[in-house]
Amino acid sequence: MRRRYDDSQPPAELLEFDGIRDGYTTPESWDAALEEWQEARRLWAADRGMSVDELPAVVGDAPWDPSAI
């Protein structure tokens, strides 16, 4: 594991995505918000010469679509 200095620890909002807690109640809105979160993580890591795979990540459950039942 590489030692990290300065701002190489990602902000808390880039470590955990809980779309339901954040108010995304449809599968579509949750997916769109997750894509934005993943892109923000990718950009943050790239700016620091890191791979997004090096960052811890917690992704919460997605809302289900009742019409798919």
# chains A, B, ... in the order shown; residues from 1 in each chain; ligands from 1
>>> select_by_dssp(residues="chain A", states="helix (DSSP H, G or I)", output="ChimeraX atom specification")
/A:12-14,27-47,52-54,66-68
>>> write_last_selection(atoms="N, CA and C atoms", output="PDB file, in the first residue's frame")
ATOM      1  N   ALA A  12     -15.423  12.713   2.429  1.00  0.00           N
ATOM      2  CA  ALA A  12     -16.401  11.701   2.860  1.00  0.00           C
ATOM      3  C   ALA A  12     -17.482  11.445   1.808  1.00  0.00           C
ATOM      4  N   GLU A  13     -17.888  12.468   1.078  1.00  0.00           N
ATOM      5  CA  GLU A  13     -18.957  12.281   0.091  1.00  0.00           C
ATOM      6  C   GLU A  13     -18.506  11.434  -1.099  1.00  0.00           C
ATOM      7  N   LEU A  14     -17.210  11.193  -1.239  1.00  0.00           N
ATOM      8  CA  LEU A  14     -16.718  10.329  -2.310  1.00  0.00           C
ATOM      9  C   LEU A  14     -16.433   8.907  -1.830  1.00  0.00           C
ATOM     10  N   PRO A  27     -35.451   4.075  -9.471  1.00  0.00           N
ATOM     11  CA  PRO A  27     -34.239   3.449 -10.004  1.00  0.00           C
ATOM     12  C   PRO A  27     -33.485   4.360 -10.981  1.00  0.00           C
ATOM     13  N   GLU A  28     -34.205   5.106 -11.779  1.00  0.00           N
ATOM     14  CA  GLU A  28     -33.578   5.982 -12.764  1.00  0.00           C
ATOM     15  C   GLU A  28     -32.777   7.095 -12.102  1.00  0.00           C
ATOM     16  N   SER A  29     -33.383   7.762 -11.097  1.00  0.00           N
ATOM     17  CA  SER A  29     -32.681   8.851 -10.424  1.00  0.00           C
ATOM     18  C   SER A  29     -31.493   8.323  -9.633  1.00  0.00           C
ATOM     19  N   TRP A  30     -31.640   7.140  -9.037  1.00  0.00           N
ATOM     20  CA  TRP A  30     -30.556   6.527  -8.280  1.00  0.00           C
ATOM     21  C   TRP A  30     -29.388   6.201  -9.208  1.00  0.00           C
ATOM     22  N   ASP A  31     -29.688   5.597 -10.383  1.00  0.00           N
ATOM     23  CA  ASP A  31     -28.644   5.255 -11.351  1.00  0.00           C
ATOM     24  C   ASP A  31     -27.903   6.495 -11.838  1.00  0.00           C
ATOM     25  N   ALA A  32     -28.655   7.554 -12.143  1.00  0.00           N
ATOM     26  CA  ALA A  32     -28.031   8.791 -12.624  1.00  0.00           C
ATOM     27  C   ALA A  32     -27.122   9.392 -11.548  1.00  0.00           C
ATOM     28  N   ALA A  33     -27.596   9.416 -10.316  1.00  0.00           N
ATOM     29  CA  ALA A  33     -26.790   9.965  -9.228  1.00  0.00           C
ATOM     30  C   ALA A  33     -25.563   9.098  -8.966  1.00  0.00           C
ATOM     31  N   LEU A  34     -25.697   7.786  -9.067  1.00  0.00           N
ATOM     32  CA  LEU A  34     -24.554   6.893  -8.879  1.00  0.00           C
ATOM     33  C   LEU A  34     -23.507   7.135  -9.964  1.00  0.00           C
ATOM     34  N   GLU A  35     -23.942   7.325 -11.196  1.00  0.00           N
ATOM     35  CA  GLU A  35     -23.000   7.609 -12.283  1.00  0.00           C
ATOM     36  C   GLU A  35     -22.244   8.912 -12.019  1.00  0.00           C
ATOM     37  N   GLU A  36     -22.944   9.936 -11.531  1.00  0.00           N
ATOM     38  CA  GLU A  36     -22.294  11.205 -11.198  1.00  0.00           C
ATOM     39  C   GLU A  36     -21.276  11.008 -10.068  1.00  0.00           C
ATOM     40  N   TRP A  37     -21.643  10.221  -9.065  1.00  0.00           N
ATOM     41  CA  TRP A  37     -20.750   9.942  -7.940  1.00  0.00           C
ATOM     42  C   TRP A  37     -19.496   9.207  -8.416  1.00  0.00           C
ATOM     43  N   GLN A  38     -19.687   8.213  -9.279  1.00  0.00           N
ATOM     44  CA  GLN A  38     -18.555   7.461  -9.802  1.00  0.00           C
ATOM     45  C   GLN A  38     -17.636   8.350 -10.639  1.00  0.00           C
ATOM     46  N   GLU A  39     -18.204   9.230 -11.428  1.00  0.00           N
ATOM     47  CA  GLU A  39     -17.406  10.157 -12.230  1.00  0.00           C
ATOM     48  C   GLU A  39     -16.631  11.126 -11.336  1.00  0.00           C
ATOM     49  N   ALA A  40     -17.264  11.628 -10.280  1.00  0.00           N
ATOM     50  CA  ALA A  40     -16.570  12.524  -9.348  1.00  0.00           C
ATOM     51  C   ALA A  40     -15.394  11.804  -8.690  1.00  0.00           C
ATOM     52  N   ARG A  41     -15.586  10.534  -8.331  1.00  0.00           N
ATOM     53  CA  ARG A  41     -14.495   9.746  -7.749  1.00  0.00           C
ATOM     54  C   ARG A  41     -13.368   9.542  -8.756  1.00  0.00           C
ATOM     55  N   ARG A  42     -13.741   9.243 -10.006  1.00  0.00           N
ATOM     56  CA  ARG A  42     -12.736   9.022 -11.037  1.00  0.00           C
ATOM     57  C   ARG A  42     -11.905  10.286 -11.274  1.00  0.00           C
ATOM     58  N   LEU A  43     -12.573  11.423 -11.346  1.00  0.00           N
ATOM     59  CA  LEU A  43     -11.867  12.688 -11.550  1.00  0.00           C
ATOM     60  C   LEU A  43     -10.982  13.029 -10.366  1.00  0.00           C
ATOM     61  N   TRP A  44     -11.481  12.823  -9.148  1.00  0.00           N
ATOM     62  CA  TRP A  44     -10.698  13.109  -7.945  1.00  0.00           C
ATOM     63  C   TRP A  44      -9.431  12.261  -7.938  1.00  0.00           C
ATOM     64  N   ALA A  45      -9.561  10.980  -8.234  1.00  0.00           N
ATOM     65  CA  ALA A  45      -8.407  10.077  -8.242  1.00  0.00           C
ATOM     66  C   ALA A  45      -7.438  10.446  -9.360  1.00  0.00           C
ATOM     67  N   ALA A  46      -7.952  10.737 -10.547  1.00  0.00           N
ATOM     68  CA  ALA A  46      -7.088  11.084 -11.679  1.00  0.00           C
ATOM     69  C   ALA A  46      -6.294  12.355 -11.396  1.00  0.00           C
ATOM     70  N   ASP A  47      -6.912  13.327 -10.741  1.00  0.00           N
ATOM     71  CA  ASP A  47      -6.215  14.577 -10.391  1.00  0.00           C
ATOM     72  C   ASP A  47      -5.033  14.328  -9.468  1.00  0.00           C
ATOM     73  N   VAL A  52      -9.063   4.903  -9.361  1.00  0.00           N
ATOM     74  CA  VAL A  52     -10.282   4.887  -8.550  1.00  0.00           C
ATOM     75  C   VAL A  52     -10.400   3.560  -7.795  1.00  0.00           C
ATOM     76  N   ASP A  53      -9.744   2.521  -8.306  1.00  0.00           N
ATOM     77  CA  ASP A  53      -9.776   1.221  -7.636  1.00  0.00           C
ATOM     78  C   ASP A  53      -9.069   1.243  -6.282  1.00  0.00           C
ATOM     79  N   GLU A  54      -8.228   2.245  -6.061  1.00  0.00           N
ATOM     80  CA  GLU A  54      -7.519   2.370  -4.792  1.00  0.00           C
ATOM     81  C   GLU A  54      -8.388   2.985  -3.699  1.00  0.00           C
ATOM     82  N   PRO A  66     -41.394  -1.121  -8.881  1.00  0.00           N
ATOM     83  CA  PRO A  66     -42.562  -1.991  -8.705  1.00  0.00           C
ATOM     84  C   PRO A  66     -43.140  -2.504 -10.023  1.00  0.00           C
ATOM     85  N   SER A  67     -42.932  -1.786 -11.119  1.00  0.00           N
ATOM     86  CA  SER A  67     -43.488  -2.239 -12.397  1.00  0.00           C
ATOM     87  C   SER A  67     -42.722  -3.439 -12.959  1.00  0.00           C
ATOM     88  N   ALA A  68     -41.559  -3.722 -12.396  1.00  0.00           N
ATOM     89  CA  ALA A  68     -40.761  -4.855 -12.867  1.00  0.00           C
ATOM     90  C   ALA A  68     -41.160  -6.173 -12.197  1.00  0.00           C
TER      91      ALA A  68
END
>>> atom_distance(atom1="CA of Ala62 (chain A)", atom2="CA of Glu16 (chain A)")
13.4 Å
>>> select_by_dssp(residues="chain A", states="strand (DSSP E or B)", output="list in words")
Glu16, Phe17, Val58 and Val59 of chain A
>>> write_last_selection(atoms="C-alpha atoms", output="short mmCIF file (atom, residue, chain, number, x, y, z; two decimals), in the first residue's frame")
data_model
loop_
_atom_site.label_atom_id
_atom_site.label_comp_id
_atom_site.auth_asym_id
_atom_site.auth_seq_id
_atom_site.Cartn_x
_atom_site.Cartn_y
_atom_site.Cartn_z
CA GLU A 16 -20.06 6.39 0.44
CA PHE A 17 -23.07 6.56 -1.87
CA VAL A 58 -19.63 1.82 -0.03
CA VAL A 59 -22.69 1.79 -2.29
#
>>> atom_distance(atom1="CA of Asp22 (chain A)", atom2="CA of Trp64 (chain A)")
15.5 Å
>>> closest_residue(among="A:Asp65, A:Gly23, A:Ser8, A:Asp18", to="Gly49 (chain A)", atoms="only C-alpha atoms")
A:Ser8
